[in-house]
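Below is one structure; the comments refer to it alone.
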Amino acid sequence: MKSLRVLLRSRLEWIEEHLIQNAEKNGYGYVTPSMARLYGYLGNAPVPMSELARRLKISRQAVHQLVNEGIHSGFLELLDSSKDKRIKMVQFSDKGQKMASVAIAEMNHAEEELKKHIGAENVIELRRILEMDWPNDLTPDHLDIK
């Protein structure tokens, strides 16, 4: 029997593969899987780079590199924290918000595809289970992750 970890990871990879395959047709074929992961942790509010590094489980230097790529592509912008000018906050630019909207539409499309494959009732049940409180939940409310 496969472990829950393996099952959850393989299903996440299915969704991410769907996004990567459709990125090309939507004009975002140059967005790397690493950049897509970073973008997945950005919500509607600016996020500190240190928080992104923690969530992605990569070094701050690696986050800086990804953020710089996002800035160069026009998808991201940096802001100074209102509390501490040494802290850099990352948010989507207008162009990045448009890309994020396309990605959300593709995720909705993937969910519709999944409904056709496993049934709408099963997708609803899967969502219900995944939305339950888990011990030591690692998704802070302030990140507003979609």
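Residues are referred to by chain and number: the chain letter is A, B, ... according to the order shown in the structure tokens, the number counts from 1 in that chain, and ligands are numbered separately from 1 in the order shown.
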
(message) For segment 80-86 of chain A, find every residue with an atom within 10 Å (counting only C-alpha atoms), except residues of its own chain fewer than 5 positions away, and show them as a ChimeraX atom specification.
(response) /A:46-48

(message) Run DSSP on the backbone and tell me which residues of segment 12-137 of chain A come out as strand (DSSP E); list them as number ranges by chain.
(response) A: 47-48, 76-80, 88-92

Which polymer residues have any atom within 9 Å of an atom of segment 92-109 of chain A, counting only C-alpha atoms, with same-chain residues fewer than 6 positions away left out, as a PDB file with all heavy atoms, in the first residue's frame?
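Full text of selection-v6.pdb as output:
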```
ATOM      1  N   ILE A  15      -1.624  17.957 -10.648  1.00  0.00           N
ATOM      2  CA  ILE A  15      -2.126  19.326 -10.808  1.00  0.00           C
ATOM      3  C   ILE A  15      -1.036  20.236 -11.364  1.00  0.00           C
ATOM      4  O   ILE A  15      -1.277  21.011 -12.298  1.00  0.00           O
ATOM      5  CB  ILE A  15      -2.658  19.876  -9.470  1.00  0.00           C
ATOM      6  CG1 ILE A  15      -3.920  19.110  -9.063  1.00  0.00           C
ATOM      7  CG2 ILE A  15      -2.945  21.374  -9.555  1.00  0.00           C
ATOM      8  CD1 ILE A  15      -4.357  19.367  -7.638  1.00  0.00           C
ATOM      9  N   GLU A  16       0.167  20.142 -10.809  1.00  0.00           N
ATOM     10  CA  GLU A  16       1.260  20.993 -11.278  1.00  0.00           C
ATOM     11  C   GLU A  16       1.621  20.696 -12.722  1.00  0.00           C
ATOM     12  O   GLU A  16       1.910  21.609 -13.493  1.00  0.00           O
ATOM     13  CB  GLU A  16       2.469  20.853 -10.356  1.00  0.00           C
ATOM     14  CG  GLU A  16       2.230  21.506  -9.008  1.00  0.00           C
ATOM     15  CD  GLU A  16       3.376  21.367  -8.043  1.00  0.00           C
ATOM     16  OE1 GLU A  16       4.261  20.496  -8.239  1.00  0.00           O
ATOM     17  OE2 GLU A  16       3.391  22.139  -7.066  1.00  0.00           O
ATOM     18  N   HIS A  18      -0.445  19.662 -14.994  1.00  0.00           N
ATOM     19  CA  HIS A  18      -1.522  20.290 -15.758  1.00  0.00           C
ATOM     20  C   HIS A  18      -1.218  21.775 -15.969  1.00  0.00           C
ATOM     21  O   HIS A  18      -1.361  22.288 -17.076  1.00  0.00           O
ATOM     22  CB  HIS A  18      -2.855  20.102 -15.028  1.00  0.00           C
ATOM     23  CG  HIS A  18      -4.020  20.729 -15.710  1.00  0.00           C
ATOM     24  ND1 HIS A  18      -4.779  20.061 -16.647  1.00  0.00           N
ATOM     25  CD2 HIS A  18      -4.549  21.975 -15.629  1.00  0.00           C
ATOM     26  CE1 HIS A  18      -5.725  20.868 -17.096  1.00  0.00           C
ATOM     27  NE2 HIS A  18      -5.615  22.027 -16.491  1.00  0.00           N
ATOM     28  N   LEU A  19      -0.802  22.447 -14.910  1.00  0.00           N
ATOM     29  CA  LEU A  19      -0.482  23.880 -15.011  1.00  0.00           C
ATOM     30  C   LEU A  19       0.690  24.123 -15.956  1.00  0.00           C
ATOM     31  O   LEU A  19       0.642  25.031 -16.785  1.00  0.00           O
ATOM     32  CB  LEU A  19      -0.162  24.450 -13.623  1.00  0.00           C
ATOM     33  CG  LEU A  19      -1.338  24.620 -12.685  1.00  0.00           C
ATOM     34  CD1 LEU A  19      -0.846  25.008 -11.300  1.00  0.00           C
ATOM     35  CD2 LEU A  19      -2.306  25.660 -13.216  1.00  0.00           C
ATOM     36  N   ASN A  22      -0.234  23.645 -19.627  1.00  0.00           N
ATOM     37  CA  ASN A  22      -1.093  24.692 -20.159  1.00  0.00           C
ATOM     38  C   ASN A  22      -0.455  26.073 -20.104  1.00  0.00           C
ATOM     39  O   ASN A  22      -0.966  27.005 -20.727  1.00  0.00           O
ATOM     40  CB  ASN A  22      -2.440  24.676 -19.438  1.00  0.00           C
ATOM     41  CG  ASN A  22      -3.251  23.469 -19.853  1.00  0.00           C
ATOM     42  OD1 ASN A  22      -3.599  23.329 -21.016  1.00  0.00           O
ATOM     43  ND2 ASN A  22      -3.503  22.582 -18.924  1.00  0.00           N
ATOM     44  N   ALA A  23       0.635  26.218 -19.388  1.00  0.00           N
ATOM     45  CA  ALA A  23       1.327  27.508 -19.329  1.00  0.00           C
ATOM     46  C   ALA A  23       1.786  27.929 -20.724  1.00  0.00           C
ATOM     47  O   ALA A  23       1.673  29.095 -21.100  1.00  0.00           O
ATOM     48  CB  ALA A  23       2.515  27.434 -18.370  1.00  0.00           C
ATOM     49  N   ASN A  26      -0.929  29.358 -22.828  1.00  0.00           N
ATOM     50  CA  ASN A  26      -1.396  30.635 -22.300  1.00  0.00           C
ATOM     51  C   ASN A  26      -0.330  31.738 -22.368  1.00  0.00           C
ATOM     52  O   ASN A  26      -0.551  32.836 -21.862  1.00  0.00           O
ATOM     53  CB  ASN A  26      -1.868  30.459 -20.851  1.00  0.00           C
ATOM     54  CG  ASN A  26      -3.142  29.658 -20.765  1.00  0.00           C
ATOM     55  OD1 ASN A  26      -4.085  29.895 -21.512  1.00  0.00           O
ATOM     56  ND2 ASN A  26      -3.170  28.684 -19.881  1.00  0.00           N
ATOM     57  N   TYR A  28       2.832  31.519 -21.114  1.00  0.00           N
ATOM     58  CA  TYR A  28       3.727  31.538 -19.954  1.00  0.00           C
ATOM     59  C   TYR A  28       4.657  30.330 -19.935  1.00  0.00           C
ATOM     60  O   TYR A  28       5.046  29.854 -18.865  1.00  0.00           O
ATOM     61  CB  TYR A  28       2.905  31.577 -18.658  1.00  0.00           C
ATOM     62  CG  TYR A  28       1.985  32.760 -18.566  1.00  0.00           C
ATOM     63  CD1 TYR A  28       0.600  32.604 -18.648  1.00  0.00           C
ATOM     64  CD2 TYR A  28       2.494  34.041 -18.407  1.00  0.00           C
ATOM     65  CE1 TYR A  28      -0.253  33.693 -18.565  1.00  0.00           C
ATOM     66  CE2 TYR A  28       1.651  35.141 -18.334  1.00  0.00           C
ATOM     67  CZ  TYR A  28       0.281  34.952 -18.408  1.00  0.00           C
ATOM     68  OH  TYR A  28      -0.556  36.039 -18.332  1.00  0.00           O
ATOM     69  N   TYR A  39       5.183  31.316  -6.986  1.00  0.00           N
ATOM     70  CA  TYR A  39       3.964  32.074  -7.270  1.00  0.00           C
ATOM     71  C   TYR A  39       2.772  31.477  -6.530  1.00  0.00           C
ATOM     72  O   TYR A  39       1.852  32.189  -6.147  1.00  0.00           O
ATOM     73  CB  TYR A  39       3.684  32.134  -8.769  1.00  0.00           C
ATOM     74  CG  TYR A  39       4.747  32.827  -9.582  1.00  0.00           C
ATOM     75  CD1 TYR A  39       4.849  32.603 -10.942  1.00  0.00           C
ATOM     76  CD2 TYR A  39       5.669  33.702  -8.995  1.00  0.00           C
ATOM     77  CE1 TYR A  39       5.821  33.240 -11.704  1.00  0.00           C
ATOM     78  CE2 TYR A  39       6.633  34.336  -9.752  1.00  0.00           C
ATOM     79  CZ  TYR A  39       6.711  34.101 -11.103  1.00  0.00           C
ATOM     80  OH  TYR A  39       7.675  34.730 -11.847  1.00  0.00           O
ATOM     81  N   GLY A  40       2.800  30.162  -6.331  1.00  0.00           N
ATOM     82  CA  GLY A  40       1.725  29.489  -5.621  1.00  0.00           C
ATOM     83  C   GLY A  40       1.603  29.913  -4.162  1.00  0.00           C
ATOM     84  O   GLY A  40       0.555  29.733  -3.551  1.00  0.00           O
ATOM     85  N   LEU A  42       2.108  33.068  -3.182  1.00  0.00           N
ATOM     86  CA  LEU A  42       1.745  34.482  -3.117  1.00  0.00           C
ATOM     87  C   LEU A  42       0.230  34.598  -3.158  1.00  0.00           C
ATOM     88  O   LEU A  42      -0.422  33.983  -3.982  1.00  0.00           O
ATOM     89  CB  LEU A  42       2.354  35.250  -4.296  1.00  0.00           C
ATOM     90  CG  LEU A  42       3.871  35.358  -4.304  1.00  0.00           C
ATOM     91  CD1 LEU A  42       4.343  36.055  -5.576  1.00  0.00           C
ATOM     92  CD2 LEU A  42       4.373  36.098  -3.078  1.00  0.00           C
ATOM     93  N   GLY A  43      -0.301  35.376  -2.287  1.00  0.00           N
ATOM     94  CA  GLY A  43      -1.738  35.613  -2.266  1.00  0.00           C
ATOM     95  C   GLY A  43      -2.016  37.038  -2.673  1.00  0.00           C
ATOM     96  O   GLY A  43      -1.329  37.605  -3.523  1.00  0.00           O
ATOM     97  N   ASN A  44      -2.990  37.620  -2.038  1.00  0.00           N
ATOM     98  CA  ASN A  44      -3.371  38.992  -2.356  1.00  0.00           C
ATOM     99  C   ASN A  44      -2.607  40.029  -1.558  1.00  0.00           C
ATOM    100  O   ASN A  44      -2.714  41.217  -1.843  1.00  0.00           O
ATOM    101  CB  ASN A  44      -4.878  39.174  -2.130  1.00  0.00           C
ATOM    102  CG  ASN A  44      -5.683  38.316  -3.085  1.00  0.00           C
ATOM    103  OD1 ASN A  44      -5.311  38.145  -4.236  1.00  0.00           O
ATOM    104  ND2 ASN A  44      -6.770  37.765  -2.602  1.00  0.00           N
ATOM    105  N   ALA A  45      -1.876  39.592  -0.544  1.00  0.00           N
ATOM    106  CA  ALA A  45      -1.116  40.519   0.297  1.00  0.00           C
ATOM    107  C   ALA A  45       0.375  40.252   0.127  1.00  0.00           C
ATOM    108  O   ALA A  45       0.785  39.119  -0.127  1.00  0.00           O
ATOM    109  CB  ALA A  45      -1.516  40.337   1.759  1.00  0.00           C
ATOM    110  N   PRO A  46       1.216  41.293   0.254  1.00  0.00           N
ATOM    111  CA  PRO A  46       2.661  41.094   0.155  1.00  0.00           C
ATOM    112  C   PRO A  46       3.158  40.084   1.199  1.00  0.00           C
ATOM    113  O   PRO A  46       2.632  40.023   2.315  1.00  0.00           O
ATOM    114  CB  PRO A  46       3.230  42.485   0.424  1.00  0.00           C
ATOM    115  CG  PRO A  46       2.122  43.433   0.133  1.00  0.00           C
ATOM    116  CD  PRO A  46       0.864  42.698   0.486  1.00  0.00           C
ATOM    117  N   GLY A  70      11.389  36.631 -11.276  1.00  0.00           N
ATOM    118  CA  GLY A  70      10.014  37.104 -11.383  1.00  0.00           C
ATOM    119  C   GLY A  70       9.938  38.598 -11.658  1.00  0.00           C
ATOM    120  O   GLY A  70       9.080  39.055 -12.424  1.00  0.00           O
ATOM    121  N   ILE A  71      10.840  39.360 -11.038  1.00  0.00           N
ATOM    122  CA  ILE A  71      10.892  40.805 -11.287  1.00  0.00           C
ATOM    123  C   ILE A  71      11.317  41.064 -12.729  1.00  0.00           C
ATOM    124  O   ILE A  71      10.715  41.889 -13.429  1.00  0.00           O
ATOM    125  CB  ILE A  71      11.848  41.490 -10.291  1.00  0.00           C
ATOM    126  CG1 ILE A  71      11.232  41.465  -8.876  1.00  0.00           C
ATOM    127  CG2 ILE A  71      12.159  42.920 -10.714  1.00  0.00           C
ATOM    128  CD1 ILE A  71      12.200  41.871  -7.779  1.00  0.00           C
ATOM    129  N   SER A  73      10.886  39.149 -15.242  1.00  0.00           N
ATOM    130  CA  SER A  73       9.787  38.768 -16.131  1.00  0.00           C
ATOM    131  C   SER A  73       8.598  39.714 -16.027  1.00  0.00           C
ATOM    132  O   SER A  73       7.655  39.617 -16.808  1.00  0.00           O
ATOM    133  CB  SER A  73       9.307  37.346 -15.798  1.00  0.00           C
ATOM    134  OG  SER A  73      10.338  36.418 -16.008  1.00  0.00           O
ATOM    135  N   GLY A  74       8.632  40.605 -15.043  1.00  0.00           N
ATOM    136  CA  GLY A  74       7.546  41.565 -14.873  1.00  0.00           C
ATOM    137  C   GLY A  74       6.379  41.057 -14.042  1.00  0.00           C
ATOM    138  O   GLY A  74       5.352  41.720 -13.956  1.00  0.00           O
ATOM    139  N   PHE A  75       6.529  39.881 -13.413  1.00  0.00           N
ATOM    140  CA  PHE A  75       5.443  39.297 -12.643  1.00  0.00           C
ATOM    141  C   PHE A  75       5.440  39.721 -11.175  1.00  0.00           C
ATOM    142  O   PHE A  75       4.410  39.632 -10.508  1.00  0.00           O
ATOM    143  CB  PHE A  75       5.494  37.770 -12.691  1.00  0.00           C
ATOM    144  CG  PHE A  75       5.292  37.212 -14.071  1.00  0.00           C
ATOM    145  CD1 PHE A  75       6.168  36.273 -14.586  1.00  0.00           C
ATOM    146  CD2 PHE A  75       4.222  37.614 -14.854  1.00  0.00           C
ATOM    147  CE1 PHE A  75       5.983  35.753 -15.849  1.00  0.00           C
ATOM    148  CE2 PHE A  75       4.030  37.091 -16.126  1.00  0.00           C
ATOM    149  CZ  PHE A  75       4.919  36.167 -16.623  1.00  0.00           C
ATOM    150  N   LEU A  76       6.577  40.111 -10.657  1.00  0.00           N
ATOM    151  CA  LEU A  76       6.701  40.422  -9.235  1.00  0.00           C
ATOM    152  C   LEU A  76       7.247  41.820  -9.027  1.00  0.00           C
ATOM    153  O   LEU A  76       7.904  42.385  -9.900  1.00  0.00           O
ATOM    154  CB  LEU A  76       7.648  39.427  -8.542  1.00  0.00           C
ATOM    155  CG  LEU A  76       7.274  37.953  -8.583  1.00  0.00           C
ATOM    156  CD1 LEU A  76       8.337  37.128  -7.895  1.00  0.00           C
ATOM    157  CD2 LEU A  76       5.910  37.721  -7.959  1.00  0.00           C
ATOM    158  N   GLU A  77       7.004  42.328  -7.834  1.00  0.00           N
ATOM    159  CA  GLU A  77       7.610  43.580  -7.403  1.00  0.00           C
ATOM    160  C   GLU A  77       7.914  43.481  -5.913  1.00  0.00           C
ATOM    161  O   GLU A  77       7.299  42.693  -5.195  1.00  0.00           O
ATOM    162  CB  GLU A  77       6.710  44.768  -7.721  1.00  0.00           C
ATOM    163  CG  GLU A  77       5.305  44.669  -7.181  1.00  0.00           C
ATOM    164  CD  GLU A  77       4.363  45.726  -7.757  1.00  0.00           C
ATOM    165  OE1 GLU A  77       4.621  46.251  -8.858  1.00  0.00           O
ATOM    166  OE2 GLU A  77       3.359  46.020  -7.083  1.00  0.00           O
ATOM    167  N   LEU A  78       8.898  44.267  -5.488  1.00  0.00           N
ATOM    168  CA  LEU A  78       9.313  44.298  -4.091  1.00  0.00           C
ATOM    169  C   LEU A  78       8.821  45.565  -3.417  1.00  0.00           C
ATOM    170  O   LEU A  78       8.781  46.626  -4.038  1.00  0.00           O
ATOM    171  CB  LEU A  78      10.842  44.256  -3.972  1.00  0.00           C
ATOM    172  CG  LEU A  78      11.536  42.954  -4.313  1.00  0.00           C
ATOM    173  CD1 LEU A  78      13.047  43.108  -4.181  1.00  0.00           C
ATOM    174  CD2 LEU A  78      11.052  41.837  -3.408  1.00  0.00           C
ATOM    175  N   LYS A 146      -4.384  30.898  -2.285  1.00  0.00           N
ATOM    176  CA  LYS A 146      -5.522  30.331  -3.026  1.00  0.00           C
ATOM    177  C   LYS A 146      -5.188  28.930  -3.472  1.00  0.00           C
ATOM    178  O   LYS A 146      -4.168  28.622  -3.928  1.00  0.00           O
ATOM    179  CB  LYS A 146      -5.857  31.196  -4.246  1.00  0.00           C
ATOM    180  CG  LYS A 146      -6.175  32.624  -3.871  1.00  0.00           C
ATOM    181  CD  LYS A 146      -7.550  32.719  -3.263  1.00  0.00           C
ATOM    182  CE  LYS A 146      -7.944  34.128  -3.044  1.00  0.00           C
ATOM    183  NZ  LYS A 146      -8.205  34.511  -1.709  1.00  0.00           N
TER     184      LYS A 146
END
```

(request) Would you please extract all alpha helix (DSSP H) residues from chain A, as assigned by DSSP on the backbone, and give them as a VMD selection string? (result) chain A and resid 4 to 25 33 to 40 49 to 56 60 to 72 94 to 118 120 to 130

Excluding Leu66 of chain A and any residue of its chain fewer than 4 positions from it, enumerate the residues within 9 Å of it, using only C-alpha atoms, and give them as a PDB file with N, CA and C atoms, in the first residue's frame.
```
ATOM      1  N   SER A  34       9.984  25.881 -10.586  1.00  0.00           N
ATOM      2  CA  SER A  34      10.383  26.543  -9.337  1.00  0.00           C
ATOM      3  C   SER A  34       9.701  27.893  -9.187  1.00  0.00           C
ATOM      4  N   MET A  35       9.630  28.641 -10.279  1.00  0.00           N
ATOM      5  CA  MET A  35       8.933  29.928 -10.230  1.00  0.00           C
ATOM      6  C   MET A  35       7.447  29.711  -9.966  1.00  0.00           C
ATOM      7  N   LEU A  38       6.868  29.158  -6.319  1.00  0.00           N
ATOM      8  CA  LEU A  38       6.949  30.431  -5.591  1.00  0.00           C
ATOM      9  C   LEU A  38       5.659  31.206  -5.772  1.00  0.00           C
ATOM     10  N   GLN A  61      18.727  32.799  -0.243  1.00  0.00           N
ATOM     11  CA  GLN A  61      19.426  33.120  -1.483  1.00  0.00           C
ATOM     12  C   GLN A  61      18.679  32.573  -2.692  1.00  0.00           C
ATOM     13  N   ALA A  62      18.152  31.350  -2.557  1.00  0.00           N
ATOM     14  CA  ALA A  62      17.388  30.752  -3.658  1.00  0.00           C
ATOM     15  C   ALA A  62      16.098  31.543  -3.899  1.00  0.00           C
ATOM     16  N   GLY A  70      11.389  36.631 -11.276  1.00  0.00           N
ATOM     17  CA  GLY A  70      10.014  37.104 -11.383  1.00  0.00           C
ATOM     18  C   GLY A  70       9.938  38.598 -11.658  1.00  0.00           C
ATOM     19  N   ILE A  71      10.840  39.360 -11.038  1.00  0.00           N
ATOM     20  CA  ILE A  71      10.892  40.805 -11.287  1.00  0.00           C
ATOM     21  C   ILE A  71      11.317  41.064 -12.729  1.00  0.00           C
TER      22      ILE A  71
END
```

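Of the residues under consideration (A:Lys115, A:Ser59, A:Glu125, A:Glu69), A:Glu69 shows the shortest atom-to-atom contact distance to Tyr30 of chain A when counting only C-alpha atoms.
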
(request) Pick out the closest residue to Leu52 of chain A from this set: A:Glu131, A:Ala120, A:His72, A:Val90. Count only C-alpha atoms. (result)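 The closest residue to Leu52 of chain A is A:Val90.
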